[in-house]
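S.K.: Pasting a structure below so you can have a look.
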Amino acid sequence: MDVKTAIRLYNERHGFGGLAPKAVLFDMDGVLYDSMAFHARAWHQSMQDYGLEMSELQAYEHEGMRGMETIREIAKQQPGKEHLADKADEIYAHKSALFASYGQPKKMAGVENLMRQMQADGLLLCVVTGSGQHSLLDRLERDFAGLLHRELMVTCYDVEEGKPKPYPYLAGLRKCGVKPNEAIVVENAPLGVTAGVAADIFTVAVNTGPMPDERLLQAGANLLYHSMDEFHHDWSTLLSCARESDSPTNIL
């Protein structure tokens, strides 16, 4: 789907007068950091160590959900393992330790250039993640110096319920002081896309993992790209079309 059509359909669906971006709400894992392979491996190993089954692909399916909720859901789905939901704290700590032992993930290729362009265009940049792992959260301000700031970060500690519920992205809107049609979500996972769409925000999926494109589109992504560089290439067009749609004389 082309950018102009995606914006028109978004505005028609929600009854907004236009899309007027003032903030971009970024997921973290698989978007800012190329960290999902590490997470998938850590999830699989930690679950296995406690007698639970969770494939690495399932880790991608559950990406965005708060870690404690993921463990409880997996435990309750496996007969005879339901009691392990009570050990969610312990299992998550084990998973976090495994993840940290794999080394520091690299920044996602192309994302910093994209963020600098967005900032130059006058947009606020916010992180909305289901993670609570300090090993990653503590790196954000340092790795993205001048782009990300602690006051514009939403983590698992800021909401009672995480993705796929809309609450994390609604919290992001509040922190940025913007309305749903004044933001853009950047996600890589179905649950995250679902959360952004449920918050009535224009949601861009960047498929940086093994997930079929169709899963992200079925979750409601307004646009889909396969790399940050591809998204960056379209960014000026997206922003221009959005501002045109918000014009009093728009004809979208």
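By order of appearance in the structure tokens: chains A, B, ..., then residues from 1 within every chain, and ligands from 1 in the order shown.
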Please identify all polymer residues within 8 Å of region 23-40 of chain A, counting only C-alpha atoms, omitting same-chain residues fewer than 6 positions from it, and present them as an mmCIF file with N, CA, C and O atoms, in the first residue's frame.
M.R.:
```
data_model
loop_
_atom_site.group_PDB
_atom_site.id
_atom_site.type_symbol
_atom_site.label_atom_id
_atom_site.label_comp_id
_atom_site.auth_asym_id
_atom_site.auth_seq_id
_atom_site.Cartn_x
_atom_site.Cartn_y
_atom_site.Cartn_z
ATOM 1 N N SER A 55 9.384 -22.234 22.134
ATOM 2 C CA SER A 55 10.342 -22.179 21.037
ATOM 3 C C SER A 55 10.837 -20.756 20.839
ATOM 4 O O SER A 55 10.230 -19.797 21.335
ATOM 5 N N GLU A 56 11.914 -20.618 20.093
ATOM 6 C CA GLU A 56 12.421 -19.271 19.811
ATOM 7 C C GLU A 56 11.424 -18.483 18.977
ATOM 8 O O GLU A 56 11.284 -17.272 19.150
ATOM 9 N N LEU A 57 10.711 -19.153 18.073
ATOM 10 C CA LEU A 57 9.701 -18.453 17.284
ATOM 11 C C LEU A 57 8.568 -17.946 18.177
ATOM 12 O O LEU A 57 8.047 -16.848 17.961
ATOM 13 N N GLN A 58 8.192 -18.727 19.187
ATOM 14 C CA GLN A 58 7.170 -18.273 20.124
ATOM 15 C C GLN A 58 7.601 -17.005 20.856
ATOM 16 O O GLN A 58 6.759 -16.175 21.215
ATOM 17 N N ALA A 59 8.895 -16.863 21.077
ATOM 18 C CA ALA A 59 9.390 -15.646 21.724
ATOM 19 C C ALA A 59 9.066 -14.424 20.864
ATOM 20 O O ALA A 59 8.704 -13.361 21.388
ATOM 21 N N TYR A 60 9.180 -14.572 19.554
ATOM 22 C CA TYR A 60 8.823 -13.472 18.658
ATOM 23 C C TYR A 60 7.314 -13.215 18.696
ATOM 24 O O TYR A 60 6.868 -12.073 18.623
ATOM 25 N N PHE A 99 20.056 -13.489 29.193
ATOM 26 C CA PHE A 99 20.128 -12.461 28.149
ATOM 27 C C PHE A 99 21.370 -11.592 28.327
ATOM 28 O O PHE A 99 22.107 -11.336 27.364
ATOM 29 N N TYR A 102 24.848 -12.916 27.123
ATOM 30 C CA TYR A 102 25.125 -13.062 25.687
ATOM 31 C C TYR A 102 25.880 -11.866 25.108
ATOM 32 O O TYR A 102 26.279 -11.873 23.942
ATOM 33 N N PRO A 105 23.642 -6.205 22.648
ATOM 34 C CA PRO A 105 23.163 -6.169 21.262
ATOM 35 C C PRO A 105 23.524 -4.845 20.591
ATOM 36 O O PRO A 105 23.657 -3.812 21.253
ATOM 37 N N LYS A 106 23.658 -4.891 19.289
ATOM 38 C CA LYS A 106 23.977 -3.683 18.522
ATOM 39 C C LYS A 106 22.718 -2.872 18.248
ATOM 40 O O LYS A 106 21.601 -3.393 18.272
ATOM 41 N N LYS A 107 22.929 -1.591 17.985
ATOM 42 C CA LYS A 107 21.808 -0.763 17.543
ATOM 43 C C LYS A 107 21.315 -1.276 16.193
ATOM 44 O O LYS A 107 22.104 -1.759 15.377
ATOM 45 N N MET A 108 20.013 -1.168 15.969
ATOM 46 C CA MET A 108 19.450 -1.613 14.711
ATOM 47 C C MET A 108 20.010 -0.771 13.561
ATOM 48 O O MET A 108 20.052 0.467 13.650
ATOM 49 N N ALA A 109 20.445 -1.426 12.522
ATOM 50 C CA ALA A 109 21.025 -0.732 11.373
ATOM 51 C C ALA A 109 20.048 0.296 10.812
ATOM 52 O O ALA A 109 18.885 -0.010 10.548
ATOM 53 N N VAL A 111 18.590 2.851 12.199
ATOM 54 C CA VAL A 111 17.576 3.503 13.035
ATOM 55 C C VAL A 111 18.041 4.867 13.540
ATOM 56 O O VAL A 111 17.243 5.807 13.648
ATOM 57 N N LEU A 123 9.984 16.428 15.562
ATOM 58 C CA LEU A 123 9.184 15.463 16.291
ATOM 59 C C LEU A 123 9.864 15.007 17.587
ATOM 60 O O LEU A 123 11.095 14.884 17.628
ATOM 61 N N LEU A 124 9.068 14.781 18.622
ATOM 62 C CA LEU A 124 9.554 14.187 19.854
ATOM 63 C C LEU A 124 9.780 12.696 19.636
ATOM 64 O O LEU A 124 9.043 12.052 18.882
ATOM 65 N N LEU A 125 10.761 12.127 20.312
ATOM 66 C CA LEU A 125 11.058 10.702 20.198
ATOM 67 C C LEU A 125 10.858 10.060 21.569
ATOM 68 O O LEU A 125 11.421 10.512 22.564
ATOM 69 N N CYS A 126 10.067 8.995 21.601
ATOM 70 C CA CYS A 126 9.718 8.327 22.845
ATOM 71 C C CYS A 126 9.910 6.819 22.682
ATOM 72 O O CYS A 126 9.721 6.281 21.590
ATOM 73 N N VAL A 127 10.309 6.138 23.754
ATOM 74 C CA VAL A 127 10.452 4.685 23.748
ATOM 75 C C VAL A 127 9.297 4.080 24.536
ATOM 76 O O VAL A 127 8.995 4.523 25.649
ATOM 77 N N VAL A 128 8.646 3.076 23.963
ATOM 78 C CA VAL A 128 7.564 2.360 24.629
ATOM 79 C C VAL A 128 7.876 0.872 24.553
ATOM 80 O O VAL A 128 7.761 0.259 23.496
ATOM 81 N N THR A 129 8.297 0.294 25.677
ATOM 82 C CA THR A 129 8.743 -1.093 25.680
ATOM 83 C C THR A 129 8.105 -1.876 26.814
ATOM 84 O O THR A 129 7.780 -1.314 27.862
ATOM 85 N N TYR A 169 1.088 2.446 24.937
ATOM 86 C CA TYR A 169 1.131 3.533 23.963
ATOM 87 C C TYR A 169 0.287 4.731 24.398
ATOM 88 O O TYR A 169 0.612 5.878 24.084
ATOM 89 N N GLY A 172 2.566 6.570 26.480
ATOM 90 C CA GLY A 172 3.501 7.303 25.638
ATOM 91 C C GLY A 172 2.902 8.605 25.131
ATOM 92 O O GLY A 172 3.577 9.646 25.102
ATOM 93 N N CYS A 176 4.281 12.450 26.014
ATOM 94 C CA CYS A 176 4.631 13.393 24.943
ATOM 95 C C CYS A 176 3.662 14.560 24.856
ATOM 96 O O CYS A 176 3.945 15.550 24.168
ATOM 97 N N VAL A 178 0.588 14.494 23.461
ATOM 98 C CA VAL A 178 -0.017 14.534 22.133
ATOM 99 C C VAL A 178 -1.244 13.636 22.071
ATOM 100 O O VAL A 178 -1.459 12.773 22.925
ATOM 101 N N GLU A 182 -1.601 12.559 16.484
ATOM 102 C CA GLU A 182 -0.396 13.387 16.476
ATOM 103 C C GLU A 182 0.854 12.553 16.756
ATOM 104 O O GLU A 182 1.906 13.086 17.078
ATOM 105 N N ALA A 183 0.719 11.235 16.606
ATOM 106 C CA ALA A 183 1.849 10.341 16.866
ATOM 107 C C ALA A 183 1.934 9.253 15.808
ATOM 108 O O ALA A 183 0.974 8.993 15.075
ATOM 109 N N ILE A 184 3.096 8.632 15.746
ATOM 110 C CA ILE A 184 3.332 7.471 14.895
ATOM 111 C C ILE A 184 4.028 6.424 15.748
ATOM 112 O O ILE A 184 4.976 6.738 16.476
ATOM 113 N N VAL A 185 3.552 5.195 15.678
ATOM 114 C CA VAL A 185 4.181 4.074 16.378
ATOM 115 C C VAL A 185 5.093 3.335 15.403
ATOM 116 O O VAL A 185 4.743 3.134 14.238
ATOM 117 N N VAL A 186 6.272 2.917 15.891
ATOM 118 C CA VAL A 186 7.184 2.093 15.093
ATOM 119 C C VAL A 186 7.383 0.779 15.851
ATOM 120 O O VAL A 186 7.934 0.766 16.961
ATOM 121 N N GLU A 187 6.944 -0.318 15.249
ATOM 122 C CA GLU A 187 6.942 -1.627 15.897
ATOM 123 C C GLU A 187 7.499 -2.694 14.965
ATOM 124 O O GLU A 187 7.606 -2.489 13.753
ATOM 125 N N ASN A 188 7.826 -3.840 15.544
ATOM 126 C CA ASN A 188 8.309 -4.967 14.742
ATOM 127 C C ASN A 188 7.589 -6.269 15.064
ATOM 128 O O ASN A 188 7.883 -7.291 14.464
ATOM 129 N N GLY A 192 2.836 -5.744 19.540
ATOM 130 C CA GLY A 192 3.101 -4.313 19.593
ATOM 131 C C GLY A 192 2.270 -3.541 18.585
ATOM 132 O O GLY A 192 1.758 -2.449 18.876
ATOM 133 N N VAL A 206 8.057 -2.480 11.050
ATOM 134 C CA VAL A 206 9.325 -2.727 10.361
ATOM 135 C C VAL A 206 9.715 -4.160 10.704
ATOM 136 O O VAL A 206 10.066 -4.463 11.838
ATOM 137 N N THR A 208 11.872 -6.800 11.184
ATOM 138 C CA THR A 208 13.308 -7.040 11.329
ATOM 139 C C THR A 208 13.611 -8.469 11.787
ATOM 140 O O THR A 208 14.764 -8.789 12.076
ATOM 141 N N GLY A 209 12.592 -9.316 11.870
ATOM 142 C CA GLY A 209 12.793 -10.681 12.352
ATOM 143 C C GLY A 209 12.225 -11.719 11.412
ATOM 144 O O GLY A 209 11.972 -11.431 10.235
#
```
S.K.: Might you pull out every residue within 10 Å of Lys165 (chain A), with only C-alpha atoms counted and same-chain residues fewer than 3 positions away left off, and present them as a list in words?
M.R.: Met65, Glu161, Gly162, Pro168, Tyr169, Leu170, Leu191, Gly192, Thr194, Ala195, Gly196, Val197, Ala198 and Ala199 of chain A
S.K.: Looking only at the backbone, which of the residues in region 10-217 of chain A does DSSP tag as alpha helix (DSSP H), as a PyMOL selection string?
M.R.: chain A and resi 10-14+36-49+56-61+67-77+88-101+111-120+134-137+140-143+167-176+190-198+213-217
S.K.: Find the spatial neighbours of region 236-244 of chain A, counting only C-alpha atoms, within a cut-off of 7 Å - ignore same-chain residues fewer than 4 positions away - and output them as a ChimeraX atom specification.
M.R.: /A:3-4,7,19-20,250
S.K.: Could you dump the residues just selected with N, CA and C atoms as a PDB file, in the first residue's frame?
M.R.:
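Printed below is part.pdb as written:
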```pdb
ATOM      1  N   VAL A   3       1.849   5.282   0.676  1.00  0.00           N
ATOM      2  CA  VAL A   3       1.749   6.107   1.882  1.00  0.00           C
ATOM      3  C   VAL A   3       0.462   6.919   1.916  1.00  0.00           C
ATOM      4  N   LYS A   4       0.122   7.567   0.818  1.00  0.00           N
ATOM      5  CA  LYS A   4      -1.055   8.435   0.816  1.00  0.00           C
ATOM      6  C   LYS A   4      -2.329   7.637   1.080  1.00  0.00           C
ATOM      7  N   ILE A   7      -2.588   6.665   4.797  1.00  0.00           N
ATOM      8  CA  ILE A   7      -3.005   7.792   5.640  1.00  0.00           C
ATOM      9  C   ILE A   7      -4.497   8.068   5.456  1.00  0.00           C
ATOM     10  N   LEU A  19      -3.782  13.422   9.845  1.00  0.00           N
ATOM     11  CA  LEU A  19      -2.659  12.900  10.624  1.00  0.00           C
ATOM     12  C   LEU A  19      -1.640  14.022  10.752  1.00  0.00           C
ATOM     13  N   ALA A  20      -1.346  14.418  11.990  1.00  0.00           N
ATOM     14  CA  ALA A  20      -0.467  15.571  12.220  1.00  0.00           C
ATOM     15  C   ALA A  20       0.652  15.178  13.177  1.00  0.00           C
ATOM     16  N   ASN A 250      -7.248  19.851   2.641  1.00  0.00           N
ATOM     17  CA  ASN A 250      -6.867  18.520   2.193  1.00  0.00           C
ATOM     18  C   ASN A 250      -8.006  17.877   1.409  1.00  0.00           C
TER      19      ASN A 250
END
```
S.K.: Got a sec to tell me which of region 56-193 of chain A DSSP assigns to strand (DSSP E), as a compact mmCIF listing (two decimals) with all heavy atoms, in the first residue's frame?
M.R.:
```txt
# COMPACT_ATOMS: atom_id res chain seq x y z
N LEU A 124 9.07 14.78 18.62
CA LEU A 124 9.55 14.19 19.85
C LEU A 124 9.78 12.70 19.64
O LEU A 124 9.04 12.05 18.88
CB LEU A 124 8.53 14.37 20.98
CG LEU A 124 8.25 15.79 21.48
CD1 LEU A 124 7.09 15.76 22.47
CD2 LEU A 124 9.49 16.38 22.12
N LEU A 125 10.76 12.13 20.31
CA LEU A 125 11.06 10.70 20.20
C LEU A 125 10.86 10.06 21.57
O LEU A 125 11.42 10.51 22.56
CB LEU A 125 12.50 10.48 19.72
CG LEU A 125 12.89 11.19 18.42
CD1 LEU A 125 14.34 10.87 18.07
CD2 LEU A 125 11.97 10.80 17.27
N CYS A 126 10.07 9.00 21.60
CA CYS A 126 9.72 8.33 22.84
C CYS A 126 9.91 6.82 22.68
O CYS A 126 9.72 6.28 21.59
CB CYS A 126 8.26 8.63 23.19
SG CYS A 126 7.62 7.87 24.70
N VAL A 127 10.31 6.14 23.75
CA VAL A 127 10.45 4.69 23.75
C VAL A 127 9.30 4.08 24.54
O VAL A 127 9.00 4.52 25.65
CB VAL A 127 11.78 4.24 24.39
CG1 VAL A 127 11.87 2.70 24.43
CG2 VAL A 127 12.96 4.81 23.64
N VAL A 128 8.65 3.08 23.96
CA VAL A 128 7.56 2.36 24.63
C VAL A 128 7.88 0.87 24.55
O VAL A 128 7.76 0.26 23.50
CB VAL A 128 6.20 2.65 23.98
CG1 VAL A 128 5.09 1.88 24.69
CG2 VAL A 128 5.90 4.15 23.99
N MET A 153 10.31 7.79 28.24
CA MET A 153 10.41 6.34 28.14
C MET A 153 9.28 5.71 28.93
O MET A 153 9.03 6.08 30.08
CB MET A 153 11.75 5.84 28.69
CG MET A 153 12.96 6.29 27.90
SD MET A 153 14.49 5.60 28.61
CE MET A 153 15.72 6.56 27.69
N VAL A 154 8.60 4.75 28.33
CA VAL A 154 7.57 3.97 28.99
C VAL A 154 8.07 2.53 29.07
O VAL A 154 8.43 1.94 28.05
CB VAL A 154 6.23 4.01 28.21
CG1 VAL A 154 5.19 3.12 28.89
CG2 VAL A 154 5.73 5.44 28.08
N ALA A 183 0.72 11.23 16.61
CA ALA A 183 1.85 10.34 16.87
C ALA A 183 1.93 9.25 15.81
O ALA A 183 0.97 8.99 15.08
CB ALA A 183 1.72 9.71 18.24
N ILE A 184 3.10 8.63 15.75
CA ILE A 184 3.33 7.47 14.89
C ILE A 184 4.03 6.42 15.75
O ILE A 184 4.98 6.74 16.48
CB ILE A 184 4.20 7.83 13.68
CG1 ILE A 184 3.42 8.74 12.72
CG2 ILE A 184 4.66 6.56 12.93
CD1 ILE A 184 4.26 9.27 11.57
N VAL A 185 3.55 5.19 15.68
CA VAL A 185 4.18 4.07 16.38
C VAL A 185 5.09 3.33 15.40
O VAL A 185 4.74 3.13 14.24
CB VAL A 185 3.11 3.11 16.93
CG1 VAL A 185 3.71 1.74 17.26
CG2 VAL A 185 2.45 3.70 18.17
N VAL A 186 6.27 2.92 15.89
CA VAL A 186 7.18 2.09 15.09
C VAL A 186 7.38 0.78 15.85
O VAL A 186 7.93 0.77 16.96
CB VAL A 186 8.54 2.78 14.85
CG1 VAL A 186 9.41 1.91 13.94
CG2 VAL A 186 8.34 4.16 14.24
N GLU A 187 6.94 -0.32 15.25
CA GLU A 187 6.94 -1.63 15.90
C GLU A 187 7.50 -2.69 14.96
O GLU A 187 7.61 -2.49 13.75
CB GLU A 187 5.51 -2.02 16.28
CG GLU A 187 5.09 -1.61 17.68
CD GLU A 187 5.70 -2.50 18.75
OE1 GLU A 187 6.34 -3.52 18.40
OE2 GLU A 187 5.51 -2.20 19.94
```
S.K.: Name all residues at most 10 Å from Leu84 (chain A) (count only C-alpha atoms; drop same-chain ones fewer than 5 positions away) and give them as a list in words.
M.R.: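 That gives Tyr50, Gly51, Leu52, Ile71, Arg72, Ile74, Ala75, Lys76, Gln78, Glu90 and Ile91 of chain A.
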S.K.: So what do you get for CA of His14 (chain A) versus CA of Gly130 (chain A), distance-wise?
M.R.: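 Computing the Euclidean distance for CA of His14 (chain A) and CA of Gly130 (chain A) yields 25.9 Å.
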S.K.: Taking only C-alpha atoms into account, which of A:Lys175, A:Ala120, A:Met115, A:Asp89 comes nearest Arg66 (chain A)?
M.R.: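 For Arg66 (chain A), the nearest of the candidates is A:Asp89.
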